[in-house]
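Asks: Below is the structure I would like to discuss, written out as structure tokens.
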Amino acid sequence: MKIAVCGKGGVGKTTISGLLCRTLGSKGIPVLAIDGDPNPNLALTLGLDPRAAMPKALTSKLLEVYEKEDGKKYAKLNSPLSEVMDTYGIKTDDNVTLLAVGQPEHAATGCMCGIHTTVREIIHTALEESEQVTLLDLEASLEQMKRGTSKYVDVLLCVVEPYYRSMEAVARFQRLGTELEIKNIVAVANKVKNAEDEEAIRQFCTQTNLPVIAVIPFDATIAEADKSGSLDINAIDHSPALKAINNLADSLMKNYCI
Ligand SMILES: Nc1ncnc2c1ncn2[C@@H]1O[C@H](COP(=O)(O)OP(=O)(O)OP(=O)(O)O)[C@@H](O)[C@H]1O
Ligand SMILES: [Mg+2]
């Protein structure tokens, strides 16, 4: 199963991505987590120590460009994904390997083209080489969706908060996901404080035909645990939000595991 997590800035993409990976990993499922944000912080929600070694930034040198009979140029990884994971990744205690896109390759242009293609090809290769779950935590902008970075995912998880601009942003991600022909585009409501919040999200999602597959409550313990940098799972073991993410993990495995 290959998942991309999108949504407006600050909605909780990285928190949900990290905790989802840890939940799946601790159930014995190998997880490849890709931090797609050039300003990365998935490592922290995966519980990694920011002072310890971080993943080596992925680079377009991992790609081999070739031409097909149609005369068009294509790219593929020039070494097996397992090697890329060993060389560029960091492993956590929860069965998760983290890869990260890093900063733009050319400072003057800010060009990320090669990186987007590299991530796309990693996702493309991921299931062919192993049974693992691959999760891509996207940056808040629509850029990666426009560049087709998420093209090969099975599930686009659109994280949405109960306020209009967040819902409107999700509708834009949904449109781009549809253009990329992603099979399963679903919403995860986050930071829900009461029944009214949930109803507002459900109403909006009904109008845009977006199934809401999880409702994660606003949970002060998560925000509190996040303050210290690396997210300590023991500090949130009774967290209602973590429980909801656990249920989300089960539902994803049951309904979308391909
Ligand atoms: N269910 C929740 N309850 C309370 N706080 C939450 C919840 N989910 C996330 N947060 C808090 O919201 C803030 C933003 O979360 P996070 O960094 O995961 O968002 P993001 O969408 O990845 O942001 P960005 O767009 O900058 O990448 C963090 O302080 C996090 O602790
Ligand atoms: Mg983030």
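For the structure tokens, the naming scheme is as follows: chains receive sequential letters (A, B, ...) according to their order of presentation, residues are indexed from 1 within each chain, and ligands are indexed from 1 in presentation order.
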Wanna dump the chain A-ligand 1 contacts at 6 Å for me, each residue with its shortest atom pair and the distance in Å to one decimal, counting only C-alpha atoms and all ligand atoms, ordered by chain and number, as JSON lines?

Replies:
```
{"residue": "A:Lys8", "atom": "CA", "partner": "ligand 1", "partner_atom_place_in_ligand_line": "25 (O)", "distance": 6.0}
{"residue": "A:Gly9", "atom": "CA", "partner": "ligand 1", "partner_atom_place_in_ligand_line": "25 (O)", "distance": 3.1}
{"residue": "A:Gly10", "atom": "CA", "partner": "ligand 1", "partner_atom_place_in_ligand_line": "23 (O)", "distance": 3.3}
{"residue": "A:Val11", "atom": "CA", "partner": "ligand 1", "partner_atom_place_in_ligand_line": "21 (O)", "distance": 4.0}
{"residue": "A:Gly12", "atom": "CA", "partner": "ligand 1", "partner_atom_place_in_ligand_line": "18 (O)", "distance": 3.3}
{"residue": "A:Lys13", "atom": "CA", "partner": "ligand 1", "partner_atom_place_in_ligand_line": "21 (O)", "distance": 3.8}
{"residue": "A:Thr14", "atom": "CA", "partner": "ligand 1", "partner_atom_place_in_ligand_line": "22 (O)", "distance": 3.7}
{"residue": "A:Thr15", "atom": "CA", "partner": "ligand 1", "partner_atom_place_in_ligand_line": "18 (O)", "distance": 3.6}
{"residue": "A:Glu139", "atom": "CA", "partner": "ligand 1", "partner_atom_place_in_ligand_line": "27 (O)", "distance": 5.5}
{"residue": "A:Ala140", "atom": "CA", "partner": "ligand 1", "partner_atom_place_in_ligand_line": "25 (O)", "distance": 4.5}
{"residue": "A:Asn190", "atom": "CA", "partner": "ligand 1", "partner_atom_place_in_ligand_line": "1 (N)", "distance": 5.3}
{"residue": "A:Lys191", "atom": "CA", "partner": "ligand 1", "partner_atom_place_in_ligand_line": "1 (N)", "distance": 4.2}
{"residue": "A:Ile216", "atom": "CA", "partner": "ligand 1", "partner_atom_place_in_ligand_line": "1 (N)", "distance": 5.6}
{"residue": "A:Pro217", "atom": "CA", "partner": "ligand 1", "partner_atom_place_in_ligand_line": "1 (N)", "distance": 5.2}
{"residue": "A:Phe218", "atom": "CA", "partner": "ligand 1", "partner_atom_place_in_ligand_line": "3 (N)", "distance": 3.6}
{"residue": "A:Asp219", "atom": "CA", "partner": "ligand 1", "partner_atom_place_in_ligand_line": "3 (N)", "distance": 3.8}
{"residue": "A:Ala220", "atom": "CA", "partner": "ligand 1", "partner_atom_place_in_ligand_line": "4 (C)", "distance": 5.1}
{"residue": "A:Ile222", "atom": "CA", "partner": "ligand 1", "partner_atom_place_in_ligand_line": "31 (O)", "distance": 5.3}
{"residue": "A:Ala223", "atom": "CA", "partner": "ligand 1", "partner_atom_place_in_ligand_line": "31 (O)", "distance": 3.5}
{"residue": "A:Asp226", "atom": "CA", "partner": "ligand 1", "partner_atom_place_in_ligand_line": "31 (O)", "distance": 5.0}
{"residue": "A:Ala241", "atom": "CA", "partner": "ligand 1", "partner_atom_place_in_ligand_line": "1 (N)", "distance": 5.4}
```

Asks: Keeping only N, CA and C atoms, take the residues you just selected and write them out as a PDB file, in the first residue's frame.

Replies:
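Heads up, here's the output in selection_14.pdb:
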```pdb
ATOM      1  N   LYS A   8      -3.646  21.428   3.905  1.00  0.00           N
ATOM      2  CA  LYS A   8      -3.153  22.805   4.113  1.00  0.00           C
ATOM      3  C   LYS A   8      -2.069  22.848   5.195  1.00  0.00           C
ATOM      4  N   GLY A   9      -1.294  23.900   5.200  1.00  0.00           N
ATOM      5  CA  GLY A   9      -0.216  24.049   6.183  1.00  0.00           C
ATOM      6  C   GLY A   9      -0.709  23.937   7.614  1.00  0.00           C
ATOM      7  N   GLY A  10      -0.021  23.147   8.402  1.00  0.00           N
ATOM      8  CA  GLY A  10      -0.298  23.060   9.836  1.00  0.00           C
ATOM      9  C   GLY A  10      -1.493  22.217  10.243  1.00  0.00           C
ATOM     10  N   VAL A  11      -2.135  21.512   9.291  1.00  0.00           N
ATOM     11  CA  VAL A  11      -3.339  20.737   9.650  1.00  0.00           C
ATOM     12  C   VAL A  11      -3.027  19.482  10.467  1.00  0.00           C
ATOM     13  N   GLY A  12      -1.744  19.061  10.411  1.00  0.00           N
ATOM     14  CA  GLY A  12      -1.367  17.855  11.166  1.00  0.00           C
ATOM     15  C   GLY A  12      -0.860  16.718  10.287  1.00  0.00           C
ATOM     16  N   LYS A  13      -0.463  17.022   9.052  1.00  0.00           N
ATOM     17  CA  LYS A  13       0.018  15.978   8.120  1.00  0.00           C
ATOM     18  C   LYS A  13       1.181  15.177   8.708  1.00  0.00           C
ATOM     19  N   THR A  14       2.179  15.911   9.229  1.00  0.00           N
ATOM     20  CA  THR A  14       3.393  15.234   9.696  1.00  0.00           C
ATOM     21  C   THR A  14       3.140  14.470  10.993  1.00  0.00           C
ATOM     22  N   THR A  15       2.293  15.021  11.847  1.00  0.00           N
ATOM     23  CA  THR A  15       1.949  14.326  13.090  1.00  0.00           C
ATOM     24  C   THR A  15       1.240  13.011  12.762  1.00  0.00           C
ATOM     25  N   GLU A 139       4.567  18.313   1.339  1.00  0.00           N
ATOM     26  CA  GLU A 139       4.602  19.693   1.815  1.00  0.00           C
ATOM     27  C   GLU A 139       3.207  20.296   1.601  1.00  0.00           C
ATOM     28  N   ALA A 140       2.958  21.452   2.239  1.00  0.00           N
ATOM     29  CA  ALA A 140       1.609  22.015   2.194  1.00  0.00           C
ATOM     30  C   ALA A 140       1.214  22.540   0.813  1.00  0.00           C
ATOM     31  N   ASN A 190      -9.079  16.254  11.278  1.00  0.00           N
ATOM     32  CA  ASN A 190      -8.142  16.336  12.411  1.00  0.00           C
ATOM     33  C   ASN A 190      -8.468  17.557  13.284  1.00  0.00           C
ATOM     34  N   LYS A 191      -8.028  17.488  14.512  1.00  0.00           N
ATOM     35  CA  LYS A 191      -8.209  18.555  15.515  1.00  0.00           C
ATOM     36  C   LYS A 191      -9.695  18.886  15.690  1.00  0.00           C
ATOM     37  N   ILE A 216     -10.123  12.480  13.921  1.00  0.00           N
ATOM     38  CA  ILE A 216      -9.117  12.519  14.984  1.00  0.00           C
ATOM     39  C   ILE A 216      -9.401  13.738  15.867  1.00  0.00           C
ATOM     40  N   PRO A 217      -9.622  13.505  17.158  1.00  0.00           N
ATOM     41  CA  PRO A 217      -9.980  14.633  18.021  1.00  0.00           C
ATOM     42  C   PRO A 217      -8.823  15.587  18.258  1.00  0.00           C
ATOM     43  N   PHE A 218      -9.149  16.828  18.571  1.00  0.00           N
ATOM     44  CA  PHE A 218      -8.117  17.751  19.057  1.00  0.00           C
ATOM     45  C   PHE A 218      -7.631  17.171  20.375  1.00  0.00           C
ATOM     46  N   ASP A 219      -6.328  17.103  20.554  1.00  0.00           N
ATOM     47  CA  ASP A 219      -5.778  16.425  21.707  1.00  0.00           C
ATOM     48  C   ASP A 219      -4.570  17.209  22.214  1.00  0.00           C
ATOM     49  N   ALA A 220      -4.780  17.867  23.345  1.00  0.00           N
ATOM     50  CA  ALA A 220      -3.724  18.749  23.869  1.00  0.00           C
ATOM     51  C   ALA A 220      -2.452  17.976  24.191  1.00  0.00           C
ATOM     52  N   ILE A 222      -0.991  15.744  22.485  1.00  0.00           N
ATOM     53  CA  ILE A 222      -0.164  15.631  21.276  1.00  0.00           C
ATOM     54  C   ILE A 222       0.614  16.930  21.089  1.00  0.00           C
ATOM     55  N   ALA A 223      -0.091  18.040  21.141  1.00  0.00           N
ATOM     56  CA  ALA A 223       0.561  19.335  20.949  1.00  0.00           C
ATOM     57  C   ALA A 223       1.627  19.543  22.036  1.00  0.00           C
ATOM     58  N   ASP A 226       4.682  17.358  21.445  1.00  0.00           N
ATOM     59  CA  ASP A 226       5.384  17.859  20.258  1.00  0.00           C
ATOM     60  C   ASP A 226       6.362  18.989  20.593  1.00  0.00           C
ATOM     61  N   ALA A 241      -6.279  10.885  20.343  1.00  0.00           N
ATOM     62  CA  ALA A 241      -5.864  11.072  18.940  1.00  0.00           C
ATOM     63  C   ALA A 241      -5.063   9.859  18.468  1.00  0.00           C
TER      64      ALA A 241
END
```

Asks: Pick out the residues sitting within 12 Å of stretch 68-79 of chain A, and hand them over as a ChimeraX atom specification; count only C-alpha atoms, and ignore anything fewer than 3 positions along from it in its own chain.

Replies: /A:58-65,82-87,113-126,129

Asks: Selected residues, C-alpha atoms, written as a tab-separated table (two decimals), in the first residue's frame, please.

Replies:
```
chain	number	residue	atom	x	y	z
A	58	LEU	CA	17.78	11.95	-1.86
A	59	THR	CA	19.26	13.18	-5.08
A	60	SER	CA	18.48	12.86	-8.77
A	61	LYS	CA	21.82	11.01	-9.14
A	62	LEU	CA	19.77	7.97	-8.11
A	63	LEU	CA	17.99	8.15	-11.45
A	64	GLU	CA	18.89	6.66	-14.77
A	65	VAL	CA	17.31	8.38	-17.76
A	82	SER	CA	16.73	-1.81	-0.73
A	83	GLU	CA	20.16	-0.32	-1.49
A	84	VAL	CA	18.72	3.21	-1.59
A	85	MET	CA	17.08	2.56	1.78
A	86	ASP	CA	20.35	1.24	3.26
A	87	THR	CA	22.45	4.13	1.95
A	113	CYS	CA	12.44	18.60	-10.66
A	114	GLY	CA	14.97	15.79	-10.23
A	115	ILE	CA	13.91	15.23	-6.64
A	116	HIS	CA	10.22	14.98	-7.52
A	117	THR	CA	11.03	12.42	-10.20
A	118	THR	CA	13.27	10.51	-7.77
A	119	VAL	CA	10.52	10.32	-5.13
A	120	ARG	CA	7.98	9.32	-7.76
A	121	GLU	CA	10.22	6.49	-8.94
A	122	ILE	CA	10.92	5.34	-5.38
A	123	ILE	CA	7.18	5.07	-4.79
A	124	HIS	CA	6.76	3.35	-8.14
A	125	THR	CA	9.39	0.74	-7.26
A	126	ALA	CA	8.37	0.33	-3.63
A	129	GLU	CA	10.41	-4.90	-4.39
```

Asks: Assign secondary structure with DSSP using the backbone only, and return the residues of stretch 34-220 of chain A in strand (DSSP E or B) as a PyMOL selection string.

Replies: chain A and resi 34-35+63-67+73-77+90-91+96-100+106+111+133-137+155-160+184-192+212-217

Asks: From the options A:Ile185, A:Ala52, A:Val96, A:Leu42, which residue's atoms come nearest to ligand 2, counting only C-alpha atoms and all ligand atoms?

Replies: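 Checking each of A:Ile185, A:Ala52, A:Val96, A:Leu42 against ligand 2, counting only C-alpha atoms and all ligand atoms, the winner is A:Leu42.
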
Asks: List every residue of stretch 2-44 of chain A that DSSP, applied to the backbone of this structure, places in helix (DSSP H, G or I), and write the result as a PyMOL selection string.

Replies: chain A and resi 13-26+42-44

Asks: Write to file, as a PDB file, in the first residue's frame, the residues of the selection just made, with N, CA and C atoms.

Replies:
```pdb
ATOM      1  N   LYS A  13      -0.463  17.022   9.052  1.00  0.00           N
ATOM      2  CA  LYS A  13       0.018  15.978   8.120  1.00  0.00           C
ATOM      3  C   LYS A  13       1.181  15.177   8.708  1.00  0.00           C
ATOM      4  N   THR A  14       2.179  15.911   9.229  1.00  0.00           N
ATOM      5  CA  THR A  14       3.393  15.234   9.696  1.00  0.00           C
ATOM      6  C   THR A  14       3.140  14.470  10.993  1.00  0.00           C
ATOM      7  N   THR A  15       2.293  15.021  11.847  1.00  0.00           N
ATOM      8  CA  THR A  15       1.949  14.326  13.090  1.00  0.00           C
ATOM      9  C   THR A  15       1.240  13.011  12.762  1.00  0.00           C
ATOM     10  N   ILE A  16       0.239  13.098  11.877  1.00  0.00           N
ATOM     11  CA  ILE A  16      -0.515  11.892  11.513  1.00  0.00           C
ATOM     12  C   ILE A  16       0.386  10.910  10.769  1.00  0.00           C
ATOM     13  N   SER A  17       1.220  11.418   9.837  1.00  0.00           N
ATOM     14  CA  SER A  17       2.121  10.536   9.081  1.00  0.00           C
ATOM     15  C   SER A  17       3.034   9.762  10.024  1.00  0.00           C
ATOM     16  N   GLY A  18       3.682  10.503  10.942  1.00  0.00           N
ATOM     17  CA  GLY A  18       4.638   9.865  11.855  1.00  0.00           C
ATOM     18  C   GLY A  18       3.960   8.826  12.729  1.00  0.00           C
ATOM     19  N   LEU A  19       2.814   9.191  13.302  1.00  0.00           N
ATOM     20  CA  LEU A  19       2.152   8.264  14.224  1.00  0.00           C
ATOM     21  C   LEU A  19       1.544   7.064  13.476  1.00  0.00           C
ATOM     22  N   LEU A  20       1.093   7.317  12.253  1.00  0.00           N
ATOM     23  CA  LEU A  20       0.552   6.222  11.433  1.00  0.00           C
ATOM     24  C   LEU A  20       1.669   5.218  11.113  1.00  0.00           C
ATOM     25  N   CYS A  21       2.823   5.731  10.719  1.00  0.00           N
ATOM     26  CA  CYS A  21       3.968   4.852  10.416  1.00  0.00           C
ATOM     27  C   CYS A  21       4.356   4.043  11.645  1.00  0.00           C
ATOM     28  N   ARG A  22       4.400   4.706  12.810  1.00  0.00           N
ATOM     29  CA  ARG A  22       4.819   4.011  14.029  1.00  0.00           C
ATOM     30  C   ARG A  22       3.800   2.945  14.417  1.00  0.00           C
ATOM     31  N   THR A  23       2.511   3.274  14.257  1.00  0.00           N
ATOM     32  CA  THR A  23       1.461   2.306  14.589  1.00  0.00           C
ATOM     33  C   THR A  23       1.568   1.088  13.683  1.00  0.00           C
ATOM     34  N   LEU A  24       1.713   1.338  12.367  1.00  0.00           N
ATOM     35  CA  LEU A  24       1.805   0.221  11.417  1.00  0.00           C
ATOM     36  C   LEU A  24       3.073  -0.585  11.685  1.00  0.00           C
ATOM     37  N   GLY A  25       4.185   0.121  11.891  1.00  0.00           N
ATOM     38  CA  GLY A  25       5.461  -0.548  12.137  1.00  0.00           C
ATOM     39  C   GLY A  25       5.409  -1.411  13.387  1.00  0.00           C
ATOM     40  N   SER A  26       4.770  -0.902  14.434  1.00  0.00           N
ATOM     41  CA  SER A  26       4.739  -1.682  15.676  1.00  0.00           C
ATOM     42  C   SER A  26       3.787  -2.872  15.571  1.00  0.00           C
ATOM     43  N   LEU A  42       9.512  15.086   9.621  1.00  0.00           N
ATOM     44  CA  LEU A  42       8.877  13.785   9.885  1.00  0.00           C
ATOM     45  C   LEU A  42       9.716  12.970  10.873  1.00  0.00           C
ATOM     46  N   ALA A  43      11.046  13.154  10.835  1.00  0.00           N
ATOM     47  CA  ALA A  43      11.932  12.412  11.747  1.00  0.00           C
ATOM     48  C   ALA A  43      11.485  12.596  13.202  1.00  0.00           C
ATOM     49  N   LEU A  44      11.060  13.820  13.524  1.00  0.00           N
ATOM     50  CA  LEU A  44      10.693  14.108  14.919  1.00  0.00           C
ATOM     51  C   LEU A  44       9.427  13.360  15.329  1.00  0.00           C
TER      52      LEU A  44
END
```

Asks: Which residues, written as a PyMOL selection string, have at least one atom at most 8 Å from stretch 154-157 of chain A, with only C-alpha atoms counted and residues fewer than 6 positions away on the same chain left out?

Replies: chain A and resi 1-6+177+182-188+256

Asks: Could you save those same residues with C-alpha atoms as a compact mmCIF listing (two decimals), in the first residue's frame?

Replies:
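Now in result.txt:
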```txt
# COMPACT_ATOMS: atom_id res chain seq x y z
CA MET A 1 0.00 0.00 0.00
CA LYS A 2 1.34 3.40 -0.98
CA ILE A 3 -0.10 6.45 0.76
CA ALA A 4 0.45 10.18 0.29
CA VAL A 5 -0.65 12.60 3.00
CA CYS A 6 -1.68 16.11 1.91
CA GLY A 177 -5.44 13.71 -7.14
CA ILE A 182 -5.24 8.19 -7.79
CA LYS A 183 -7.76 5.43 -7.04
CA ASN A 184 -8.63 6.22 -3.45
CA ILE A 185 -8.90 9.84 -2.35
CA VAL A 186 -10.17 10.14 1.21
CA ALA A 187 -10.37 12.67 4.02
CA VAL A 188 -9.09 12.47 7.58
CA TYR A 256 -6.74 -0.43 0.81
```

Asks: Of the candidates A:Asp197, A:Asp94, A:Asp37, A:Glu161, which one gets nearest to ligand 2 if we count only C-alpha atoms and all ligand atoms?

Replies: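 Closest to ligand 2, using only C-alpha atoms and all ligand atoms: A:Asp37.
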
Asks: Name the closest residue to A:Gly229 among the candidates A:Ala53, A:Leu46, A:Ala169, A:Ala33; distances are taken between atoms, counting only C-alpha atoms.

Replies: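 Using only C-alpha atoms, the shortest distance to A:Gly229 belongs to A:Leu46.
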
Asks: What does the distance between atom CA of A:Asp49 and atom CA of A:Lys227 come to in Å, to one decimal place?

Replies: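 So the answer is 13.5 Å.
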
Asks: Give me, please, the distance in Å between atom CA of A:Ala235 and atom CA of A:Lys56, quoted to one decimal.

Replies: 28.6 Å

Asks: Select, from A:Ser166, A:Ser230, A:Gln203, A:Asn39, the residue with the minimum atom-to-atom distance to ligand 2, counting only C-alpha atoms and all ligand atoms.

Replies: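 Among the listed residues, the smallest separation from ligand 2 belongs to A:Asn39.
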
Asks: What separation in Å, quoted to one decimal, exists between atom CA of A:Ala244 and atom CA of A:Ser141?

Replies: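 Atom CA of A:Ala244 sits 26.0 Å away from atom CA of A:Ser141.
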
Asks: Nearest to A:Asn194 among A:Met253, A:Glu224, A:Arg51, A:Val215, with distances taken over only C-alpha atoms: which residue is it?

Replies: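 Among A:Met253, A:Glu224, A:Arg51, A:Val215, it is A:Val215 that comes nearest to A:Asn194.
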
Asks: Pick out the closest residue to ligand 2 from this set: A:Val159, A:Ala249, A:Val153, A:Val31. Count only C-alpha atoms and all ligand atoms.

Replies: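 That would be A:Val159, the residue with the smallest distance to ligand 2.
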